[in-house]
$ cat my_file_4.csv   # CSV, C-alpha atoms
chain,number,residue,atom,x,y,z
Q,10,MET,CA,0.0,0.0,0.0
Q,11,PHE,CA,1.3,3.4,-0.9
Q,12,ARG,CA,0.1,5.8,1.8
Q,13,GLY,CA,1.0,9.2,3.2
Q,14,SER,CA,3.4,11.9,2.0
Q,15,LEU,CA,4.8,10.7,-1.4
Q,16,VAL,CA,7.3,13.2,-2.7
Q,17,ALA,CA,7.2,14.1,-6.4
Q,18,ILE,CA,10.9,14.3,-6.4
Q,19,VAL,CA,12.9,16.6,-8.7
Q,20,THR,CA,15.6,15.4,-11.1
Q,21,PRO,CA,18.8,17.2,-10.2
Q,22,MET,CA,21.0,18.2,-13.1
Q,23,ARG,CA,24.6,19.3,-13.6
Q,24,GLN,CA,25.7,22.5,-15.3
Q,25,ASP,CA,26.3,20.6,-18.5
Q,26,GLY,CA,22.7,19.4,-18.4
Q,27,ALA,CA,23.4,15.8,-17.5
Q,28,ILE,CA,21.5,14.1,-14.6
Q,29,ASP,CA,23.3,14.6,-11.3
Q,30,PHE,CA,22.9,11.1,-9.8
Q,31,SER,CA,25.1,12.0,-6.8
Q,32,ALA,CA,22.7,14.9,-5.8
Q,33,LEU,CA,19.8,12.6,-6.4
Q,34,ASP,CA,21.2,10.1,-3.9
Q,35,SER,CA,21.6,12.9,-1.3
Q,36,LEU,CA,18.0,13.9,-1.9
Q,37,LEU,CA,16.8,10.3,-1.4
Q,38,ASP,CA,18.8,10.1,1.9
Q,39,PHE,CA,17.2,13.4,3.0
Q,40,HIS,CA,13.7,12.0,2.4
Q,41,ILE,CA,14.3,8.7,4.1
Q,42,ARG,CA,15.9,10.5,7.1
Q,43,ASN,CA,12.9,12.9,7.4
Q,44,GLY,CA,10.1,10.3,7.2
Q,45,THR,CA,8.8,10.7,3.6
Q,46,HIS,CA,6.6,7.7,3.0
Q,47,GLY,CA,7.4,7.1,-0.7
Q,48,VAL,CA,9.1,8.6,-3.8
Q,49,VAL,CA,7.4,9.4,-7.1
Q,50,ALA,CA,10.1,9.7,-9.8
Q,51,THR,CA,10.0,11.1,-13.3
Q,52,GLY,CA,6.8,13.0,-12.9
Q,53,THR,CA,6.0,16.6,-13.7
Q,54,THR,CA,8.2,17.8,-10.9
Q,55,GLY,CA,11.0,15.5,-12.2
Q,56,GLU,CA,11.0,17.2,-15.6
Q,57,ALA,CA,10.0,13.9,-17.3
Q,58,SER,CA,8.9,15.8,-20.4
Q,59,THR,CA,12.6,16.8,-21.0
Q,60,LEU,CA,14.2,13.4,-20.3
Q,61,ASP,CA,14.8,11.1,-23.2
Q,62,VAL,CA,13.7,7.5,-22.9
Q,63,ASP,CA,17.1,6.2,-21.8
Q,64,GLU,CA,17.4,8.9,-19.2
Q,65,HIS,CA,13.9,8.3,-18.0
Q,66,ILE,CA,14.5,4.6,-17.5
Q,67,ALA,CA,17.9,5.2,-15.9
Q,68,VAL,CA,16.5,7.6,-13.3
Q,69,VAL,CA,13.8,5.1,-12.3
Q,70,ALA,CA,16.3,2.2,-12.1
Q,71,HIS,CA,18.8,4.2,-10.2
Q,72,ILE,CA,16.2,5.3,-7.6
Q,73,VAL,CA,14.9,1.8,-7.1
Q,74,ARG,CA,18.5,0.4,-6.6
Q,75,TYR,CA,19.5,3.2,-4.2
Q,76,VAL,CA,16.3,3.1,-2.1
Q,77,ALA,CA,16.6,-0.7,-1.9
Q,78,GLY,CA,13.1,-1.2,-0.5
Q,79,ARG,CA,13.4,1.3,2.3
Q,80,ILE,CA,10.3,3.2,1.0
Q,81,PRO,CA,8.1,2.5,-2.0
Q,82,VAL,CA,9.1,3.9,-5.4
Q,83,ILE,CA,6.5,4.9,-7.9
Q,84,ALA,CA,7.6,5.7,-11.5
Q,85,GLY,CA,6.0,8.2,-13.7
Q,86,THR,CA,5.6,6.5,-17.1
Q,87,GLY,CA,3.0,8.5,-18.9
Q,88,ALA,CA,3.3,9.6,-22.5
Q,89,ASN,CA,0.9,11.0,-25.2
Q,90,ALA,CA,1.6,7.9,-27.4
Q,91,THR,CA,0.1,4.8,-25.9
Q,92,ALA,CA,2.9,2.6,-27.3
Q,93,GLU,CA,5.5,4.8,-25.6
Q,94,ALA,CA,3.6,4.8,-22.3
Q,95,ILE,CA,3.5,1.0,-22.5
Q,96,ALA,CA,7.3,0.8,-23.1
Q,97,LEU,CA,8.1,3.1,-20.2
Q,98,THR,CA,5.7,1.2,-17.9
Q,99,GLN,CA,7.2,-2.1,-18.9
Q,100,ALA,CA,10.7,-0.8,-18.3
Q,101,ALA,CA,9.7,0.5,-14.9
Q,102,ALA,CA,8.3,-2.8,-14.0
Q,103,ALA,CA,11.5,-4.5,-15.1
Q,104,ALA,CA,13.4,-2.1,-12.9
Q,105,ARG,CA,11.2,-3.3,-9.9
Q,106,ALA,CA,9.4,0.0,-9.4
Q,107,ASP,CA,6.5,-0.7,-6.9
Q,108,ALA,CA,3.9,1.1,-9.0
Q,109,CYS,CA,3.6,3.4,-12.0
Q,110,LEU,CA,1.9,6.8,-12.3
Q,111,VAL,CA,0.5,7.4,-15.7
Q,112,VAL,CA,-0.6,10.8,-16.8
Q,113,THR,CA,-3.4,11.5,-19.2
Q,114,PRO,CA,-2.1,11.9,-22.8
Q,115,TYR,CA,-1.3,15.5,-23.3
Q,116,TYR,CA,-1.8,17.5,-26.5
Q,117,ASN,CA,-3.8,14.7,-28.3
Q,118,LYS,CA,-7.1,15.6,-26.5
Q,119,PRO,CA,-8.6,12.1,-26.7
Q,120,THR,CA,-12.2,11.4,-26.0
Q,121,GLN,CA,-13.2,9.6,-22.8
Q,122,GLU,CA,-13.4,6.3,-24.7
Q,123,GLY,CA,-9.9,7.0,-26.0
Q,124,LEU,CA,-8.7,7.6,-22.4
Q,125,PHE,CA,-10.3,4.4,-21.2
Q,126,GLN,CA,-8.7,2.4,-24.0
Q,127,HIS,CA,-5.3,4.1,-23.4
Q,128,PHE,CA,-5.1,3.2,-19.7
Q,129,ALA,CA,-6.6,-0.2,-20.2
Q,130,ALA,CA,-4.0,-1.0,-22.8
Q,131,ILE,CA,-1.2,0.1,-20.5
Q,132,ALA,CA,-2.6,-1.9,-17.5
Q,133,GLY,CA,-2.9,-5.0,-19.7
Q,134,ALA,CA,0.7,-4.8,-21.0
Q,135,ALA,CA,2.7,-4.5,-17.8
Q,136,ASP,CA,2.7,-6.4,-14.6
Q,137,VAL,CA,2.8,-3.5,-12.2
Q,138,PRO,CA,0.1,-1.5,-10.3
Q,139,ILE,CA,-1.1,1.5,-12.2
Q,140,ILE,CA,-2.1,4.9,-10.7
Q,141,LEU,CA,-3.9,7.2,-13.0
Q,142,TYR,CA,-2.9,10.9,-13.1
Q,143,ASN,CA,-5.3,13.6,-14.0
Q,144,VAL,CA,-3.9,17.2,-14.3
Q,145,PRO,CA,-6.0,19.0,-16.9
Q,146,SER,CA,-4.3,22.4,-16.2
Q,147,ARG,CA,-1.2,21.0,-17.9
Q,148,THR,CA,-2.5,18.4,-20.3
Q,149,ALA,CA,-5.6,20.0,-21.9
Q,150,CYS,CA,-7.2,16.6,-21.2
Q,151,ASP,CA,-9.6,15.8,-18.4
Q,152,LEU,CA,-10.3,12.3,-17.1
Q,153,LEU,CA,-13.9,12.5,-15.9
Q,154,PRO,CA,-15.1,10.7,-12.7
Q,155,GLU,CA,-17.4,8.4,-14.8
Q,156,THR,CA,-14.4,7.2,-16.8
Q,157,VAL,CA,-12.3,6.8,-13.7
Q,158,ALA,CA,-15.1,4.5,-12.3
Q,159,ARG,CA,-14.8,2.4,-15.5
Q,160,LEU,CA,-11.1,2.2,-15.2
Q,161,ALA,CA,-11.3,1.3,-11.5
Q,162,GLU,CA,-12.7,-2.1,-12.7
Q,163,VAL,CA,-9.7,-2.8,-14.9
Q,164,PRO,CA,-7.3,-5.3,-13.3
Q,165,GLY,CA,-4.0,-3.6,-12.3
Q,166,ILE,CA,-5.4,0.0,-12.0
Q,167,ILE,CA,-5.4,0.7,-8.3
Q,168,GLY,CA,-6.0,4.4,-7.9
Q,169,ILE,CA,-5.7,8.0,-9.2
Q,170,LYS,CA,-3.7,11.1,-8.5
Q,171,ASP,CA,-6.2,13.9,-8.9
Q,172,ALA,CA,-4.5,17.3,-9.3
Q,173,THR,CA,-7.6,19.3,-10.0
Q,174,GLY,CA,-8.0,20.6,-6.5
Q,175,ASP,CA,-11.7,20.0,-6.8
Q,176,LEU,CA,-13.1,18.4,-3.6
Q,177,GLU,CA,-16.5,17.8,-5.2
Q,178,ARG,CA,-14.8,15.8,-7.9
Q,179,ALA,CA,-13.0,13.8,-5.2
Q,180,ARG,CA,-16.3,13.1,-3.5
Q,181,ALA,CA,-17.8,12.0,-6.8
Q,182,MET,CA,-14.9,9.5,-7.4
Q,183,ARG,CA,-15.3,8.2,-3.9
Q,184,ARG,CA,-19.0,7.6,-4.6
Q,185,LEU,CA,-18.5,6.0,-8.0
Q,186,CYS,CA,-15.4,3.9,-7.4
Q,187,PRO,CA,-15.0,0.8,-5.3
Q,188,PRO,CA,-13.9,1.4,-1.7
Q,189,GLU,CA,-10.5,-0.2,-2.3
Q,190,PHE,CA,-9.7,2.2,-5.2
Q,191,LEU,CA,-7.1,4.7,-3.9
Q,192,LEU,CA,-7.3,8.4,-4.2
Q,193,TYR,CA,-4.2,10.6,-4.0
Q,194,GLY,CA,-4.1,14.3,-3.9
Q,195,GLY,CA,-2.0,16.1,-6.5
Q,196,ASP,CA,-2.6,19.6,-5.2
Q,197,ASP,CA,-0.8,20.3,-1.9
Q,198,ALA,CA,-3.2,23.1,-0.9
Q,199,THR,CA,-6.1,20.7,-0.7
Q,200,GLY,CA,-4.2,17.6,0.5
Q,201,VAL,CA,-5.4,17.6,4.1
Q,202,ALA,CA,-9.0,18.1,3.0
Q,203,LEU,CA,-8.6,15.1,0.7
Q,204,GLY,CA,-7.0,13.1,3.5
Q,205,LEU,CA,-10.0,13.8,5.7
Q,206,LEU,CA,-12.2,12.5,2.9
Q,207,GLY,CA,-10.3,9.2,3.0
Q,208,ALA,CA,-7.5,9.8,0.5
Q,209,ALA,CA,-4.6,7.4,0.8
Q,210,GLY,CA,-2.0,10.2,0.5
Q,211,VAL,CA,-0.7,13.1,-1.5
Q,212,ILE,CA,1.9,13.2,-4.3
Q,213,SER,CA,3.6,16.3,-3.1
Q,214,VAL,CA,5.7,19.1,-4.4
Q,215,THR,CA,6.0,20.7,-1.0
Q,216,ALA,CA,7.5,17.5,0.5
Q,217,ASN,CA,10.6,18.2,-1.6
Q,218,VAL,CA,11.6,21.0,0.9
Q,219,ALA,CA,9.6,20.2,4.0
Q,220,PRO,CA,9.5,16.4,4.2
Q,221,LYS,CA,9.3,16.1,8.0
Q,222,THR,CA,6.3,18.3,8.4
Q,223,MET,CA,4.5,16.8,5.4
Q,224,SER,CA,5.0,13.3,6.7
Q,225,ALA,CA,3.8,14.5,10.2
Q,226,VAL,CA,0.6,15.9,8.6
Q,227,TRP,CA,-0.2,12.5,7.1
Q,228,GLU,CA,0.6,10.6,10.3
Q,229,ALA,CA,-1.9,12.9,12.1
Q,230,ILE,CA,-4.5,12.2,9.4
Q,231,PHE,CA,-4.1,8.5,9.8
Q,232,ALA,CA,-4.2,8.8,13.6
Q,233,GLY,CA,-7.6,10.6,13.3
Q,234,ASP,CA,-6.2,13.9,14.6
Q,235,ALA,CA,-7.7,16.3,12.1
Q,236,GLU,CA,-6.9,19.4,14.3
Q,237,LEU,CA,-3.2,18.5,14.4
Q,238,ALA,CA,-3.1,17.8,10.7
Q,239,ARG,CA,-4.6,21.2,9.9
Q,240,ARG,CA,-2.3,23.0,12.4
Q,241,LEU,CA,0.8,21.5,10.8
Q,242,ASP,CA,-0.5,22.1,7.3
Q,243,GLU,CA,-1.1,25.8,8.1
Q,244,THR,CA,2.7,26.2,8.6
Q,245,LEU,CA,3.1,24.9,5.0
Q,246,ALA,CA,0.3,27.0,3.4
Q,247,GLY,CA,2.7,29.6,2.1
Q,248,LEU,CA,4.9,26.9,0.5
Q,249,HIS,CA,1.8,25.3,-1.1
Q,250,ARG,CA,1.3,28.7,-2.9
Q,251,ALA,CA,4.8,29.9,-3.4
Q,252,LEU,CA,6.1,26.7,-5.1
Q,253,PHE,CA,3.7,27.5,-7.9
Q,254,VAL,CA,4.4,31.2,-8.4
Q,255,GLU,CA,6.0,30.0,-11.7
Q,256,SER,CA,5.6,26.7,-13.5
Q,257,ASN,CA,6.6,23.7,-11.4
Q,258,PRO,CA,9.4,22.7,-10.9
Q,259,ILE,CA,11.0,26.1,-11.3
Q,260,PRO,CA,10.3,27.4,-7.7
Q,261,VAL,CA,11.0,24.1,-5.9
Q,262,LYS,CA,14.3,23.7,-7.7
Q,263,TRP,CA,15.3,27.2,-6.7
Q,264,ALA,CA,14.3,26.4,-3.1
Q,265,LEU,CA,16.3,23.1,-3.0
Q,266,HIS,CA,19.3,25.0,-4.4
Q,267,ALA,CA,18.9,27.7,-1.7
Q,268,MET,CA,18.9,24.8,0.8
Q,269,GLY,CA,22.2,23.6,-0.6
Q,270,LEU,CA,20.7,20.2,-1.7
Q,271,ILE,CA,21.0,20.5,-5.5
Q,272,GLY,CA,22.4,22.7,-8.2
Q,273,PRO,CA,20.1,25.4,-9.8
Q,274,GLU,CA,19.9,23.8,-13.3
Q,275,LEU,CA,16.7,23.1,-15.2
Q,276,ARG,CA,16.3,22.1,-18.8
Q,277,LEU,CA,14.9,24.4,-21.5
Q,278,PRO,CA,12.3,25.5,-22.1
Q,279,LEU,CA,12.2,26.0,-18.3
Q,280,THR,CA,14.3,28.9,-17.0
Q,281,PRO,CA,15.4,29.9,-13.5
Q,282,LEU,CA,13.1,31.6,-11.1
Q,283,SER,CA,12.4,35.2,-11.9
Q,284,LEU,CA,14.1,37.6,-9.5
Q,285,THR,CA,10.7,39.2,-8.8
Q,286,LYS,CA,9.4,35.9,-7.4
Q,287,VAL,CA,12.4,35.0,-5.1
Q,288,ALA,CA,11.1,36.9,-2.1
Q,289,ALA,CA,7.8,35.0,-2.1
Q,290,VAL,CA,9.6,31.7,-2.0
Q,291,GLN,CA,12.1,32.8,0.6
Q,292,ALA,CA,9.2,34.1,2.9
Q,293,ALA,CA,7.3,30.8,2.5
Q,294,LEU,CA,10.5,28.8,3.4
Q,295,ARG,CA,10.9,30.9,6.6
Q,296,GLN,CA,7.2,30.5,7.5
Q,297,ALA,CA,7.7,26.7,7.2
Q,298,GLY,CA,10.8,26.8,9.3
Q,299,VAL,CA,13.0,25.6,6.5
Q,300,GLU,CA,16.6,26.8,6.5
Q,301,ALA,CA,17.8,28.3,3.2
$ encode --input "my_file_4.csv" --output "structure tokens"
Amino acid sequence: MFRGSLVAIVTPMRQDGAIDFSALDSLLDFHIRNGTHGVVATGTTGEASTLDVDEHIAVVAHIVRYVAGRIPVIAGTGANATAEAIALTQAAAAARADACLVVTPYYNKPTQEGLFQHFAAIAGAADVPIILYNVPSRTACDLLPETVARLAEVPGIIGIKDATGDLERARAMRRLCPPEFLLYGGDDATGVALGLLGAAGVISVTANVAPKTMSAVWEAIFAGDAELARRLDETLAGLHRALFVESNPIPVKWALHAMGLIGPELRLPLTPLSLTKVAAVQAALRQAGVEA
């Protein structure tokens, strides 16, 4: 079971643009030391859209080897071509990832039937649990609750990361889907509210820089202490906002660099955090008690 604070981990890069595997190892140690419940690799925050196929597979395999079963590893394996998503998912399964997170096909704008067939084909082609990922603000493609309910009946599909921030939609999916189908938040600002609705966890950007507090929030949710969960989450409210003042992962990579954990590099077309946005991220880090 994948529960709690699941960090959508960044992919550190060197000045020459190559992946910085040494910095990645340090980040993984940082998360394990601070109680993060699981790692989600090669997702939006991991700049998966700028990794080539070999790099994508290498990052997943490296993380699985380094973590060595200490916490679960979920691999982002989505693509807008079904065949490519199948290949990435099969590679992640071969690397012994614990599950795969598969985003809706971006740009193509398939119908709901197309989405159903896309995900069903991936689930049928790889022996690994599949978590759907819906983030219409980035993909121009929306996986509707009724389609999620159909997919919840497909063997191998175990849950969904919903990044819409829409609590009514979450309630609809809870109502339409079997009770064992897992719901994960993909929007840090509404993560606690989703947890109190019965979500299994959150796939979190904020956990990159505040892993100890994020894990404590979810421990409180699981213990039934809603007041403590809300109180802890309030200290992170500024981060939930500030880490999206520009496109993710621009602000979170700036924050991790300020914390001395990674270099500042991103891959084009992403560019460094604008100087006008630095103060907002710095203030949010201070509010959360993060040293930078």
$ atom_distance --input "my_file_4.csv" --atom1 "atom CA of Q:Val290" --atom2 "atom CA of Q:Ala267"
10.1 Å
$ residues_near_point --input "my_file_4.csv" --point "(21.4, 4.5, -12.5)" --cutoff "12 Å" --atoms "only C-alpha atoms" --output "compact mmCIF listing (two decimals) with C-alpha atoms, in the coordinates of the input"
# COMPACT_ATOMS: atom_id res chain seq x y z
CA ILE Q 28 21.50 14.10 -14.60
CA ASP Q 29 23.30 14.60 -11.30
CA PHE Q 30 22.90 11.10 -9.80
CA SER Q 31 25.10 12.00 -6.80
CA LEU Q 33 19.80 12.60 -6.40
CA ASP Q 34 21.20 10.10 -3.90
CA ASP Q 63 17.10 6.20 -21.80
CA GLU Q 64 17.40 8.90 -19.20
CA HIS Q 65 13.90 8.30 -18.00
CA ILE Q 66 14.50 4.60 -17.50
CA ALA Q 67 17.90 5.20 -15.90
CA VAL Q 68 16.50 7.60 -13.30
CA VAL Q 69 13.80 5.10 -12.30
CA ALA Q 70 16.30 2.20 -12.10
CA HIS Q 71 18.80 4.20 -10.20
CA ILE Q 72 16.20 5.30 -7.60
CA VAL Q 73 14.90 1.80 -7.10
CA ARG Q 74 18.50 0.40 -6.60
CA TYR Q 75 19.50 3.20 -4.20
CA VAL Q 76 16.30 3.10 -2.10
CA ALA Q 104 13.40 -2.10 -12.90
$ closest_atom_pairs --input "my_file_4.csv" --of "stretch 110-216 of chain Q" --to "stretch 231-239 of chain Q" --cutoff "12 Å" --atoms "all atoms listed in the file" --output "JSON lines"
{"residue": "Q:Ala198", "atom": "CA", "partner": "Q:Arg239", "partner_atom": "CA", "distance": 11.1}
{"residue": "Q:Thr199", "atom": "CA", "partner": "Q:Arg239", "partner_atom": "CA", "distance": 10.7}
{"residue": "Q:Gly200", "atom": "CA", "partner": "Q:Arg239", "partner_atom": "CA", "distance": 10.1}
{"residue": "Q:Val201", "atom": "CA", "partner": "Q:Arg239", "partner_atom": "CA", "distance": 6.9}
{"residue": "Q:Ala202", "atom": "CA", "partner": "Q:Arg239", "partner_atom": "CA", "distance": 8.8}
{"residue": "Q:Leu203", "atom": "CA", "partner": "Q:Ala235", "partner_atom": "CA", "distance": 11.5}
{"residue": "Q:Gly204", "atom": "CA", "partner": "Q:Phe231", "partner_atom": "CA", "distance": 8.3}
{"residue": "Q:Leu205", "atom": "CA", "partner": "Q:Ala235", "partner_atom": "CA", "distance": 7.2}
{"residue": "Q:Leu206", "atom": "CA", "partner": "Q:Ala235", "partner_atom": "CA", "distance": 10.9}
{"residue": "Q:Gly207", "atom": "CA", "partner": "Q:Phe231", "partner_atom": "CA", "distance": 9.2}
{"residue": "Q:Ala208", "atom": "CA", "partner": "Q:Phe231", "partner_atom": "CA", "distance": 10.0}
{"residue": "Q:Ala209", "atom": "CA", "partner": "Q:Phe231", "partner_atom": "CA", "distance": 9.1}
{"residue": "Q:Gly210", "atom": "CA", "partner": "Q:Phe231", "partner_atom": "CA", "distance": 9.7}
$ closest_residue --input "my_file_4.csv" --among "Q:Leu160, Q:Ala135, Q:Ala297, Q:Ala172" --to "Q:Ala103" --atoms "all atoms listed in the file"
Q:Ala135
$ closest_atom_pairs --input "my_file_4.csv" --of "stretch 184-264 of chain Q" --to "stretch 54-62 of chain Q" --cutoff "9 Å" --atoms "all atoms listed in the file" --output "CSV"
residue,atom,partner,partner_atom,distance
Q:Val214,CA,Q:Thr54,CA,7.1
Q:Asn257,CA,Q:Thr54,CA,6.1
Q:Pro258,CA,Q:Thr54,CA,5.0
Q:Ile259,CA,Q:Thr54,CA,8.8
Q:Val261,CA,Q:Thr54,CA,8.5
$ write_last_selection --input "my_file_4.csv" --atoms "C-alpha atoms" --output "mmCIF file, in the coordinates of the input"
data_model
loop_
_atom_site.group_PDB
_atom_site.id
_atom_site.type_symbol
_atom_site.label_atom_id
_atom_site.label_comp_id
_atom_site.auth_asym_id
_atom_site.auth_seq_id
_atom_site.Cartn_x
_atom_site.Cartn_y
_atom_site.Cartn_z
ATOM 1 C CA VAL Q 214 5.700 19.100 -4.400
ATOM 2 C CA ASN Q 257 6.600 23.700 -11.400
ATOM 3 C CA PRO Q 258 9.400 22.700 -10.900
ATOM 4 C CA ILE Q 259 11.000 26.100 -11.300
ATOM 5 C CA VAL Q 261 11.000 24.100 -5.900
#
$ closest_atom_pairs --input "my_file_4.csv" --of "stretch 162-272 of chain Q" --to "stretch 139-149 of chain Q" --cutoff "9 Å" --atoms "only C-alpha atoms" --output "JSON lines"
{"residue": "Q:Gly165", "atom": "CA", "partner": "Q:Ile139", "partner_atom": "CA", "distance": 5.9}
{"residue": "Q:Ile166", "atom": "CA", "partner": "Q:Ile139", "partner_atom": "CA", "distance": 4.6}
{"residue": "Q:Ile167", "atom": "CA", "partner": "Q:Ile140", "partner_atom": "CA", "distance": 5.9}
{"residue": "Q:Gly168", "atom": "CA", "partner": "Q:Ile140", "partner_atom": "CA", "distance": 4.8}
{"residue": "Q:Ile169", "atom": "CA", "partner": "Q:Leu141", "partner_atom": "CA", "distance": 4.3}
{"residue": "Q:Lys170", "atom": "CA", "partner": "Q:Tyr142", "partner_atom": "CA", "distance": 4.7}
{"residue": "Q:Asp171", "atom": "CA", "partner": "Q:Asn143", "partner_atom": "CA", "distance": 5.2}
{"residue": "Q:Ala172", "atom": "CA", "partner": "Q:Val144", "partner_atom": "CA", "distance": 5.0}
{"residue": "Q:Thr173", "atom": "CA", "partner": "Q:Val144", "partner_atom": "CA", "distance": 6.0}
{"residue": "Q:Leu191", "atom": "CA", "partner": "Q:Ile140", "partner_atom": "CA", "distance": 8.4}
{"residue": "Q:Gly195", "atom": "CA", "partner": "Q:Val144", "partner_atom": "CA", "distance": 8.1}
$ closest_residue --input "my_file_4.csv" --among "Q:Ala130, Q:Ser256, Q:Ile80, Q:Val16" --to "Q:Glu93" --atoms "all atoms listed in the file"
Q:Ala130
$ closest_residue --input "my_file_4.csv" --among "Q:Arg184, Q:Ala17, Q:Leu282, Q:Val49" --to "Q:Asp196" --atoms "only C-alpha atoms"
Q:Ala17
$ atom_distance --input "my_file_4.csv" --atom1 "atom CA of Q:Ala288" --atom2 "atom CA of Q:Ala32"
25.1 Å
$ closest_atom_pairs --input "my_file_4.csv" --of "stretch 145-205 of chain Q" --to "stretch 116-122 of chain Q" --cutoff "10 Å" --atoms "all atoms listed in the file" --output "JSON lines"
{"residue": "Q:Arg147", "atom": "CA", "partner": "Q:Tyr116", "partner_atom": "CA", "distance": 9.3}
{"residue": "Q:Thr148", "atom": "CA", "partner": "Q:Tyr116", "partner_atom": "CA", "distance": 6.3}
{"residue": "Q:Ala149", "atom": "CA", "partner": "Q:Tyr116", "partner_atom": "CA", "distance": 6.5}
{"residue": "Q:Cys150", "atom": "CA", "partner": "Q:Lys118", "partner_atom": "CA", "distance": 5.4}
{"residue": "Q:Asp151", "atom": "CA", "partner": "Q:Gln121", "partner_atom": "CA", "distance": 8.4}
{"residue": "Q:Leu152", "atom": "CA", "partner": "Q:Gln121", "partner_atom": "CA", "distance": 6.9}
{"residue": "Q:Leu153", "atom": "CA", "partner": "Q:Gln121", "partner_atom": "CA", "distance": 7.5}
{"residue": "Q:Glu155", "atom": "CA", "partner": "Q:Gln121", "partner_atom": "CA", "distance": 9.1}
{"residue": "Q:Thr156", "atom": "CA", "partner": "Q:Gln121", "partner_atom": "CA", "distance": 6.6}
{"residue": "Q:Val157", "atom": "CA", "partner": "Q:Gln121", "partner_atom": "CA", "distance": 9.6}
$ atom_distance --input "my_file_4.csv" --atom1 "atom CA of Q:Ile131" --atom2 "atom CA of Q:Gly13"
25.5 Å
$ closest_residue --input "my_file_4.csv" --among "Q:Leu97, Q:Leu270, Q:Met22, Q:Leu279" --to "Q:Val218" --atoms "only C-alpha atoms"
Q:Leu270
$ closest_residue --input "my_file_4.csv" --among "Q:Phe253, Q:Asp38, Q:Ala225, Q:Met10" --to "Q:Arg240" --atoms "all atoms listed in the file"
Q:Ala225
$ residues_near_point --input "my_file_4.csv" --point "(5.7, 15.3, 3.6)" --cutoff "10 Å" --atoms "all atoms listed in the file" --output "PyMOL selection string"
chain Q and resi 13-16+40+43-47+197+210-228+242
$ write_last_selection --input "my_file_4.csv" --atoms "C-alpha atoms" --output "short mmCIF file (atom, residue, chain, number, x, y, z; two decimals), keeping the file's coordinate frame"
data_model
loop_
_atom_site.label_atom_id
_atom_site.label_comp_id
_atom_site.auth_asym_id
_atom_site.auth_seq_id
_atom_site.Cartn_x
_atom_site.Cartn_y
_atom_site.Cartn_z
CA GLY Q 13 1.00 9.20 3.20
CA SER Q 14 3.40 11.90 2.00
CA LEU Q 15 4.80 10.70 -1.40
CA VAL Q 16 7.30 13.20 -2.70
CA HIS Q 40 13.70 12.00 2.40
CA ASN Q 43 12.90 12.90 7.40
CA GLY Q 44 10.10 10.30 7.20
CA THR Q 45 8.80 10.70 3.60
CA HIS Q 46 6.60 7.70 3.00
CA GLY Q 47 7.40 7.10 -0.70
CA ASP Q 197 -0.80 20.30 -1.90
CA GLY Q 210 -2.00 10.20 0.50
CA VAL Q 211 -0.70 13.10 -1.50
CA ILE Q 212 1.90 13.20 -4.30
CA SER Q 213 3.60 16.30 -3.10
CA VAL Q 214 5.70 19.10 -4.40
CA THR Q 215 6.00 20.70 -1.00
CA ALA Q 216 7.50 17.50 0.50
CA ASN Q 217 10.60 18.20 -1.60
CA VAL Q 218 11.60 21.00 0.90
CA ALA Q 219 9.60 20.20 4.00
CA PRO Q 220 9.50 16.40 4.20
CA LYS Q 221 9.30 16.10 8.00
CA THR Q 222 6.30 18.30 8.40
CA MET Q 223 4.50 16.80 5.40
CA SER Q 224 5.00 13.30 6.70
CA ALA Q 225 3.80 14.50 10.20
CA VAL Q 226 0.60 15.90 8.60
CA TRP Q 227 -0.20 12.50 7.10
CA GLU Q 228 0.60 10.60 10.30
CA ASP Q 242 -0.50 22.10 7.30
#
$ closest_residue --input "my_file_4.csv" --among "Q:Pro21, Q:Gly78, Q:Gly247, Q:Pro188" --to "Q:Leu275" --atoms "only C-alpha atoms"
Q:Pro21
$ residues_around --input "my_file_4.csv" --residues "Q:Lys262" --least-positions-apart "5" --cutoff "8 Å" --atoms "only C-alpha atoms" --output "ChimeraX atom specification"
/Q:19,271,273-275
$ decode --input "my_file_4.csv" --residues "stretch 137-144 of chain Q" --atoms "N, CA and C atoms" --output "tab-separated table (two decimals), in the first residue's frame"
chain	number	residue	atom	x	y	z
Q	137	VAL	N	2.44	-4.44	-13.21
Q	137	VAL	CA	2.79	-3.50	-12.15
Q	137	VAL	C	1.54	-2.69	-11.84
Q	138	PRO	N	1.29	-2.34	-10.57
Q	138	PRO	CA	0.11	-1.52	-10.26
Q	138	PRO	C	0.18	-0.16	-10.96
Q	139	ILE	N	-0.97	0.27	-11.46
Q	139	ILE	CA	-1.06	1.53	-12.20
Q	139	ILE	C	-1.90	2.53	-11.40
Q	140	ILE	N	-1.36	3.74	-11.25
Q	140	ILE	CA	-2.09	4.87	-10.67
Q	140	ILE	C	-2.34	5.88	-11.79
Q	141	LEU	N	-3.58	6.18	-12.05
Q	141	LEU	CA	-3.93	7.19	-13.04
Q	141	LEU	C	-3.51	8.56	-12.54
Q	142	TYR	N	-3.29	9.50	-13.47
Q	142	TYR	CA	-2.88	10.85	-13.08
Q	142	TYR	C	-3.63	11.84	-13.96
Q	143	ASN	N	-4.46	12.65	-13.31
Q	143	ASN	CA	-5.26	13.65	-14.03
Q	143	ASN	C	-4.84	15.04	-13.63
Q	144	VAL	N	-4.30	15.81	-14.57
Q	144	VAL	CA	-3.86	17.18	-14.29
Q	144	VAL	C	-4.22	18.04	-15.51
